[in-house]
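One structure is given below, encoded as structure tokens.
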4 protein chains.
Amino acid sequence: MRPPPESQPERPPERPLEIGLIGSGFMGKAHVFGLATAAKVFDLPVVPVFHTLADATLPVAEAAARALGFAQATGDWRALVADPAIRVVHITAPNALHKEIALAAIAAGKHVHCEKPLAPSASDAAEMARAAALAGVMTQVGFNYLCNPMLRLAREMIAAGELGEVTSFRGIHAEDYMRDPATPWSFRHDPAGGGVLADLGSHVLATAEFLLGPVAEVLGDLVTVIPRRPDGQGGWRAVEVDDIARAMLRFESGATGSLEASWIATGRKMQHDFEVYGTKGGLAFSQERFNELWFFDAADRAGRQGFRRIEAGPDHPPYGRFCVAPGHQLGFNDLKAIEMAGFIEAIATGGPEPFGFAAGARVQHLVETVAASARAGRWLAVSG
Amino acid sequence: MRPPPESQPERPPERPLEIGLIGSGFMGKAHVFGLATAAKVFDLPVVPVFHTLADATLPVAEAAARALGFAQATGDWRALVADPAIRVVHITAPNALHKEIALAAIAAGKHVHCEKPLAPSASDAAEMARAAALAGVMTQVGFNYLCNPMLRLAREMIAAGELGEVTSFRGIHAEDYMRDPATPWSFRHDPAGGGVLADLGSHVLATAEFLLGPVAEVLGDLVTVIPRRPDGQGGWRAVEVDDIARAMLRFESGATGSLEASWIATGRKMQHDFEVYGTKGGLAFSQERFNELWFFDAADRAGRQGFRRIEAGPDHPPYGRFCVAPGHQLGFNDLKAIEMAGFIEAIATGGPEPFGFAAGARVQHLVETVAASARAGRWLAVSG
Amino acid sequence: MRPPPESQPERPPERPLEIGLIGSGFMGKAHVFGLATAAKVFDLPVVPVFHTLADATLPVAEAAARALGFAQATGDWRALVADPAIRVVHITAPNALHKEIALAAIAAGKHVHCEKPLAPSASDAAEMARAAALAGVMTQVGFNYLCNPMLRLAREMIAAGELGEVTSFRGIHAEDYMRDPATPWSFRHDPAGGGVLADLGSHVLATAEFLLGPVAEVLGDLVTVIPRRPDGQGGWRAVEVDDIARAMLRFESGATGSLEASWIATGRKMQHDFEVYGTKGGLAFSQERFNELWFFDAADRAGRQGFRRIEAGPDHPPYGRFCVAPGHQLGFNDLKAIEMAGFIEAIATGGPEPFGFAAGARVQHLVETVAASARAGRWLAVSG
Amino acid sequence: MRPPPESQPERPPERPLEIGLIGSGFMGKAHVFGLATAAKVFDLPVVPVFHTLADATLPVAEAAARALGFAQATGDWRALVADPAIRVVHITAPNALHKEIALAAIAAGKHVHCEKPLAPSASDAAEMARAAALAGVMTQVGFNYLCNPMLRLAREMIAAGELGEVTSFRGIHAEDYMRDPATPWSFRHDPAGGGVLADLGSHVLATAEFLLGPVAEVLGDLVTVIPRRPDGQGGWRAVEVDDIARAMLRFESGATGSLEASWIATGRKMQHDFEVYGTKGGLAFSQERFNELWFFDAADRAGRQGFRRIEAGPDHPPYGRFCVAPGHQLGFNDLKAIEMAGFIEAIATGGPEPFGFAAGARVQHLVETVAASARAGRWLAVSG
């Protein structure tokens, strides 16, 4: 029998990054999947370690920790936050808890990744952002759709003037998970922070500013279509939040646009789309096929013009990290991995936050301004 | 300060599964990404451990081991195979080495995952399959496209009779990575096992039998379009293998079909498509948008018929493992994760191999029969 | 030599319908093509006769009459209107002339087909509608997109409850013929009646009410993007009309929606699209592929749901008049033929007008209400 | 009251072109619609006059003549052919009659338009072509799909080298009108000339040569899927013709390709598609959306490449004849109008036939060679 392999790779002493996760639902899992993938796909300066998982009760936390590969579990998120061994806290708990947990984690000197929406109110979100800034910790909010290489491409093309002067934006985020009136009342229907504008419209607002820069004025409309839902105990509970949200937008650049969000768009699973038009070109994108970006170049010669379907590939970083061949496609969890890698990189290098609490608070502020304009029935300036 | 988290989850003593990887190129990375994701996404009975990575030289292996998180590295694959601590050998080395490595690994009692093509010749592949069977080890060949939930759905629909009697199949795998005559001669052009029929056409053949059952007769045509390529040393080297492959197929069921494979289809990055027609319905699929399956149901009422775009979701296992919401989409590496999870599950449970060496040898046999029929210019029966 | 054919078909004495056409541009031609096709494709009770064509000057009119097959030509539309032999007047002259011509034609007892927009102002349009009603003549406005069999299908499906209760509408009409700032000032830029809201947005409003019934309230936004254009004489002329128009809509039914119109959407040639969502289903349509209607039926069984692409065919009248086989597709001029056939049928039978002046005035009223709400920056009720 | 219009356009004395139509089914109607449209849309040097319609019986002919606007009717096609007033004979009668009628019409000095297939056998078709050549009359066969502006564009792009050297072709024509085994036996099942290869595959062969030039060798496969069909009298009749046809093709240019035709492709209404690849670009087309051509240009810069959707417009003659604005779309009958205009133009000017009997005989010859190669199970050269 031959001897065992001849070498253990000389690597710089491994620098672990201990992660604590609070919440283990859909988004909690997505964080773990994203971290695991990021650790393999990217050349990270540190290694994320799945340290502790907290959930509402210990048994739930233990089961999740086993399944997701965390070393420890707790039914008390405060214990996790207080553990000095943990350096990063990921918050995927119910929205109502985001602020309290985040402030505690920041106070404990942790870096904090918090799922969107950061807080029910913009002032809360701003308070969180200020606390993080004061404490000098890194923060991130989970706007993972922006991590798509094709969105980065769109932004670069716009910035490089490939569309000429940008004149118009249309953004949609429509799904149908609340379409059925029999779907029970849930935290998403809580007037404090709830509604489709906050849940999905926030993505459109983030995309709008990501691509076109600051929104200056908004005029919104919020519609409650299903006025009551089962309360889960045989009765009904009134719904006050919006099932459909619309807004018209004016950007500081002079461009104008619109937003639509719906969670009752029967048949739509991920219609998170945008179109951007400029004097020299146009872009169209759908999250339904998020490995494609459609580009119309008015400089193409007559008779040969048309929207072209650009398929994601190594020409569109960081796609090449995942696959050397174009057209093979990233998945939803890969977007999450890009998000995680960016955050870890920022923590390790002290580099700029990719989409931190201040950015999250900005989105929340836009959401509130749209909602206020809907109540007022007129255009409102976006302050600040 | 609060005490540290109160519990370490009681889990059955962890059962590690030590992995050795030979080769760290495109496919080597995909294996690692797939394993890392599988370990998080699936509820595996064992935990894959990245034990040793082997590559052509030690420095290359060490760099890759660092990047991909293997504990050890070696420049000699024989050392890896000989290491008694390693239980599974993943072979993503050049095709010409597949057989030698696999036989050595099997002889050492390892389970073996080998990338396609299993071997340059069907007889070699069959020999490998026999060796594995005799040794009682688990094997797998990397036909990851078949791991797509939408392909499983297609197969189930066909098996359940949702298309009625299946009459027709059309399968394509066209890309363009060899389109440029300036692309140098490579191992893929080696007459021993090379050519687009082996490289891409094999996927079509695997899909064809996955969906419609055994192919009984074939009539092929192989075309060399670019007769010579740069040899990388300032000269030229003749190309004898096929740039385009076509075949007509007759299935044992009585259905008929066709195959086309091309690596010079300018503009195509992943046109790995199929259409299947039956007396009651039709299916259409493209790997370009592999989270969708198109279904025409002739039972839909008049005036409302049409191909419907089924988007992948939790109704299509194991999609739900990755994401609880439909329409969010899996990526290429997720298909690899499903493949890995199936293999690990089979190893841990002694369960049936998802797509083992025997299946790989079968595909290789089909490839050779198509090639032989192309040389003969007539229909040939698929023996065995 | 054989004798000549044995029979002249016994037909009821032919009932000619003498047509006078005023204007021979894009739309004038479309009328002629539509009439010629309608006469062959439909089983009309009368035969349209191309009697006289009027245009701005006699030479222009003569050339057009020759090309389009009119027996007579005139440079004076009043002569055409006064000709007692003419029974129907088609107005495709510049918008500014619509009212004067139409009132004269009505006064002369003619039936009148007038291209949209009927008049620069809703009050003018209403006056025209009243005049026609008093005179007892038939009228039509050219909203040909509504003549599409797939739009009729959409309306029938909605009316039949196939979508459940309709909750939401999104309508777009975006093209790019004004995208280039070098495109000169034209009649479309005339503040009296011009702008993209009137030109294209009117189609969205017509579609919205065609499908969902009356709009009750609107909130608009009108944007001038290109502030001046060449005046054709070496100078510039200020543009005051809208290049982009947006609006939010509330329907009497309780449904809500939105509208966008743009003539500077670079790359778009015919993005006249809509989506409609209800509690049980969804519809999506694009004029870019107007022989298709996409339908999501929430009653489809789990795992098999998806938007299905219904291709126009004989199941969707009057498609079968044009072609007995599905999927062969109608063209733009065929929609015009359907429009013409409906008008001729109404004239011959005294039947209800398909989309008469009153309907056109309604659209104009909606346009003006949207514009007024844009100026006011708030919701306005649609009176009447 | 004003005087009547002042002028009757001075036109060159009208030159009528008297048309006789034999057969008034699907294709007969399409001829009439096409002629009527052509007369308006194109600037033809002569005016088609609907002179006489012949059908199987006088009552049928009379009804059709009334509906389609022919002045006379006859139940005897020989009378029509013998009528000296008729200058052009359009044959849309059952295939079995094509030859006899065409030869009689040619003998009578008529120009002849005959629907495809020209004759059940290539030798018959060649005989017809020779007769026409000897008689000096113009002929046409109804391969209307080739009249599509987007197909002309594709041909021009190929000829201009925009794809580089063309290497590969894939052609499909799949529909589902014979999918149901209960569909009765019809003339299309007649072994003399029938089968899907003749009915639909002929279109693919015509397209293949239209785009890539002469086919040199073929290897076919013909499959009968539904072995018997109701005979319409309560019994059954055996089906001997092909329900699915496939072939591999070698072109004289050195390019290779494939063909598939099916009339049992459940769900397909008009999948008459092709893809063409060259060293510098690729084209993709589907008759399902025949106003679009997809073009990949390898010269586009990295990161911006993709198949672009070219929408038909005035840049693609003769689209502009029908509509001055792009994206409005032609319909199936418009293709027929282009076909008719080309024929009339050729008759009037003595210009070259667009797709005459010789071209039709060529297609028939290709069909027979494919069928012969299918019987032989090997490659056959296309003689002549």
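Labeling convention for the structure tokens: chains A, B, ... as they appear, residues from 1 per chain, ligands from 1 in order of appearance.
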Quiz item: What residues in chain C have any atom no more than 8 Å from chain D when counting only C-alpha atoms, and can you write them as a PyMOL selection string?
Solution: chain C and resi 1-11+26+30+32-33+36-37+40-41+43+52+62-63+65-69+71-74+76+78-80+82-84+269-270+288-289+322-334
Quiz item: Could you pull the residues within 10 Å of A:Trp379, counting only C-alpha atoms, minus those fewer than 6 positions along the same chain, as number ranges by chain?
Solution: A: 217-220, 247-250, 369-370, 372-373; C: 377-378
Same residues, C-alpha atoms, output as a PDB file, in the first residue's frame:
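Output file out.pdb follows:
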ATOM      1  CA  GLU A 217     -40.452  62.232  -5.837  1.00  0.00           C
ATOM      2  CA  VAL A 218     -43.090  59.553  -5.634  1.00  0.00           C
ATOM      3  CA  LEU A 219     -46.807  59.195  -6.051  1.00  0.00           C
ATOM      4  CA  GLY A 220     -48.188  55.939  -4.757  1.00  0.00           C
ATOM      5  CA  ALA A 247     -46.240  54.220  -7.752  1.00  0.00           C
ATOM      6  CA  MET A 248     -44.973  56.726 -10.242  1.00  0.00           C
ATOM      7  CA  LEU A 249     -41.414  57.852  -9.761  1.00  0.00           C
ATOM      8  CA  ARG A 250     -39.281  60.872 -10.570  1.00  0.00           C
ATOM      9  CA  THR A 369     -42.746  57.952   1.354  1.00  0.00           C
ATOM     10  CA  VAL A 370     -44.678  55.964  -1.246  1.00  0.00           C
ATOM     11  CA  ALA A 372     -47.530  58.462   2.681  1.00  0.00           C
ATOM     12  CA  SER A 373     -48.086  59.747  -0.835  1.00  0.00           C
TER      13      SER A 373
ATOM     14  CA  GLY C 377     -51.254  65.994  -9.370  1.00  0.00           C
ATOM     15  CA  ARG C 378     -54.131  64.080  -7.795  1.00  0.00           C
TER      16      ARG C 378
END
Backbone-only DSSP, helix (DSSP H, G or I) members of stretch 296-345 of chain B, as an mmCIF file with N, CA, C and O atoms, in the first residue's frame:
data_model
loop_
_atom_site.group_PDB
_atom_site.id
_atom_site.type_symbol
_atom_site.label_atom_id
_atom_site.label_comp_id
_atom_site.auth_asym_id
_atom_site.auth_seq_id
_atom_site.Cartn_x
_atom_site.Cartn_y
_atom_site.Cartn_z
ATOM 1 N N TYR B 319 -36.709 20.111 -5.723
ATOM 2 C CA TYR B 319 -36.608 21.563 -5.727
ATOM 3 C C TYR B 319 -36.820 22.159 -4.331
ATOM 4 O O TYR B 319 -36.105 23.075 -3.914
ATOM 5 N N GLY B 320 -37.817 21.642 -3.620
ATOM 6 C CA GLY B 320 -38.190 22.205 -2.324
ATOM 7 C C GLY B 320 -37.058 22.170 -1.304
ATOM 8 O O GLY B 320 -37.062 22.933 -0.342
ATOM 9 N N ARG B 321 -36.114 21.284 -1.516
ATOM 10 C CA ARG B 321 -34.943 21.253 -0.642
ATOM 11 C C ARG B 321 -34.143 22.548 -0.741
ATOM 12 O O ARG B 321 -33.520 22.998 0.220
ATOM 13 N N PHE B 322 -34.156 23.123 -1.918
ATOM 14 C CA PHE B 322 -33.342 24.321 -2.175
ATOM 15 C C PHE B 322 -34.089 25.606 -1.831
ATOM 16 O O PHE B 322 -33.499 26.588 -1.425
ATOM 17 N N PHE B 332 -26.920 25.601 -12.266
ATOM 18 C CA PHE B 332 -26.178 24.435 -12.754
ATOM 19 C C PHE B 332 -25.533 23.659 -11.608
ATOM 20 O O PHE B 332 -25.611 22.431 -11.545
ATOM 21 N N ASN B 333 -24.912 24.380 -10.681
ATOM 22 C CA ASN B 333 -24.249 23.693 -9.576
ATOM 23 C C ASN B 333 -25.239 22.982 -8.660
ATOM 24 O O ASN B 333 -24.884 22.006 -8.001
ATOM 25 N N ASP B 334 -26.468 23.470 -8.634
ATOM 26 C CA ASP B 334 -27.492 22.784 -7.841
ATOM 27 C C ASP B 334 -27.815 21.417 -8.446
ATOM 28 O O ASP B 334 -28.081 20.459 -7.719
ATOM 29 N N LEU B 335 -27.793 21.334 -9.773
ATOM 30 C CA LEU B 335 -27.998 20.020 -10.403
ATOM 31 C C LEU B 335 -26.902 19.065 -9.964
ATOM 32 O O LEU B 335 -27.131 17.883 -9.703
ATOM 33 N N LYS B 336 -25.699 19.608 -9.892
ATOM 34 C CA LYS B 336 -24.560 18.802 -9.444
ATOM 35 C C LYS B 336 -24.767 18.391 -7.985
ATOM 36 O O LYS B 336 -24.395 17.274 -7.585
ATOM 37 N N ALA B 337 -25.341 19.271 -7.183
ATOM 38 C CA ALA B 337 -25.602 18.933 -5.780
ATOM 39 C C ALA B 337 -26.606 17.784 -5.680
ATOM 40 O O ALA B 337 -26.456 16.880 -4.847
ATOM 41 N N ILE B 338 -27.610 17.828 -6.526
ATOM 42 C CA ILE B 338 -28.592 16.727 -6.517
ATOM 43 C C ILE B 338 -27.906 15.422 -6.898
ATOM 44 O O ILE B 338 -28.128 14.372 -6.288
ATOM 45 N N GLU B 339 -27.067 15.514 -7.909
ATOM 46 C CA GLU B 339 -26.308 14.328 -8.332
ATOM 47 C C GLU B 339 -25.482 13.779 -7.168
ATOM 48 O O GLU B 339 -25.487 12.573 -6.896
ATOM 49 N N MET B 340 -24.765 14.658 -6.482
ATOM 50 C CA MET B 340 -23.904 14.232 -5.373
ATOM 51 C C MET B 340 -24.735 13.637 -4.242
ATOM 52 O O MET B 340 -24.366 12.618 -3.650
ATOM 53 N N ALA B 341 -25.848 14.296 -3.940
ATOM 54 C CA ALA B 341 -26.686 13.801 -2.843
ATOM 55 C C ALA B 341 -27.181 12.388 -3.150
ATOM 56 O O ALA B 341 -27.212 11.516 -2.277
ATOM 57 N N GLY B 342 -27.547 12.162 -4.390
ATOM 58 C CA GLY B 342 -28.021 10.830 -4.763
ATOM 59 C C GLY B 342 -26.939 9.784 -4.589
ATOM 60 O O GLY B 342 -27.203 8.649 -4.154
ATOM 61 N N PHE B 343 -25.744 10.153 -4.937
ATOM 62 C CA PHE B 343 -24.632 9.198 -4.833
ATOM 63 C C PHE B 343 -24.318 8.905 -3.362
ATOM 64 O O PHE B 343 -24.164 7.745 -2.954
ATOM 65 N N ILE B 344 -24.252 9.947 -2.568
ATOM 66 C CA ILE B 344 -23.945 9.777 -1.146
ATOM 67 C C ILE B 344 -25.034 8.943 -0.472
ATOM 68 O O ILE B 344 -24.755 8.044 0.330
ATOM 69 N N GLU B 345 -26.257 9.258 -0.810
ATOM 70 C CA GLU B 345 -27.384 8.494 -0.260
ATOM 71 C C GLU B 345 -27.230 7.013 -0.608
ATOM 72 O O GLU B 345 -27.432 6.134 0.246
#
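From atom CA of D:Arg15 back to atom CA of C:Gly28, the distance works out to 24.5 Å.
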Quiz item: Can you tell me how far atom CA of C:Asp190 sits from atom CA of C:Gly257, in Å to one decimal?
Solution: 28.5 Å
Quiz item: So which residues touch A:Pro149 within 7 Å, counting only C-alpha atoms, skipping near sequence neighbours fewer than 5 positions away, as a PyMOL selection string?
Solution: chain A and resi 316-319
Practice problem: Name the residues in contact with D:Glu162 at a cut-off of 9 Å, using only C-alpha atoms, excluding same-chain residues fewer than 5 positions from it; report them as a PyMOL selection string. | Solution: chain D and resi 156-157+278+280-282+297
Practice problem: Work out how far atom CA of C:Pro214 is from atom CA of C:Gly350, in Å to one decimal. | Solution: 25.7 Å
Quiz prompt | Polymer residues at most 8 Å from C:Phe274, only C-alpha atoms, same-chain spacing of 6 or more positions, as a ChimeraX atom specification | solution = /C:169-172,284-286
Preceding selection exported with C-alpha atoms as a PDB file, in the first residue's frame:
ATOM      1  CA  PHE C 169     -54.826  45.415 -14.935  1.00  0.00           C
ATOM      2  CA  ARG C 170     -51.540  46.585 -16.378  1.00  0.00           C
ATOM      3  CA  GLY C 171     -51.552  48.185 -19.822  1.00  0.00           C
ATOM      4  CA  ILE C 172     -48.644  49.420 -21.887  1.00  0.00           C
ATOM      5  CA  ALA C 284     -50.985  38.156 -20.521  1.00  0.00           C
ATOM      6  CA  PHE C 285     -50.860  39.566 -24.021  1.00  0.00           C
ATOM      7  CA  SER C 286     -48.428  41.428 -26.221  1.00  0.00           C
TER       8      SER C 286
END
Exercise. Check the DSSP output for the backbone and give back, as a PyMOL selection string, the residues of stretch 227-342 of chain A in strand (DSSP E).
Key: chain A and resi 228-230+236-238+244-251+256-262+271-278+281-286+292-297+307-311
Exercise. Mind checking which residues fall within 6 Å of D:Ala361, counting only C-alpha atoms, ignoring those fewer than 6 positions away in the same chain, and posting them as a PyMOL selection string?
Key: chain D and resi 122+125-126
Just write the chosen residues, all heavy atoms, as a tab-separated table (two decimals), in the first residue's frame.
chain	number	residue	atom	x	y	z
D	122	ALA	N	-42.18	12.94	-59.10
D	122	ALA	CA	-41.24	13.92	-59.62
D	122	ALA	C	-41.22	13.90	-61.15
D	122	ALA	O	-41.05	14.94	-61.79
D	122	ALA	CB	-39.84	13.66	-59.07
D	125	ALA	N	-44.06	15.86	-62.31
D	125	ALA	CA	-43.79	17.29	-62.09
D	125	ALA	C	-42.81	17.81	-63.13
D	125	ALA	O	-42.98	18.92	-63.67
D	125	ALA	CB	-43.24	17.50	-60.67
D	126	ALA	N	-41.80	17.01	-63.42
D	126	ALA	CA	-40.82	17.44	-64.42
D	126	ALA	C	-41.48	17.56	-65.79
D	126	ALA	O	-41.19	18.48	-66.57
D	126	ALA	CB	-39.65	16.45	-64.47
Quiz prompt | Distance query C:Val49 at most 8 Å, only C-alpha atoms, self and fewer than 5 positions along chain excluded, as a count of residues only | solution = 4
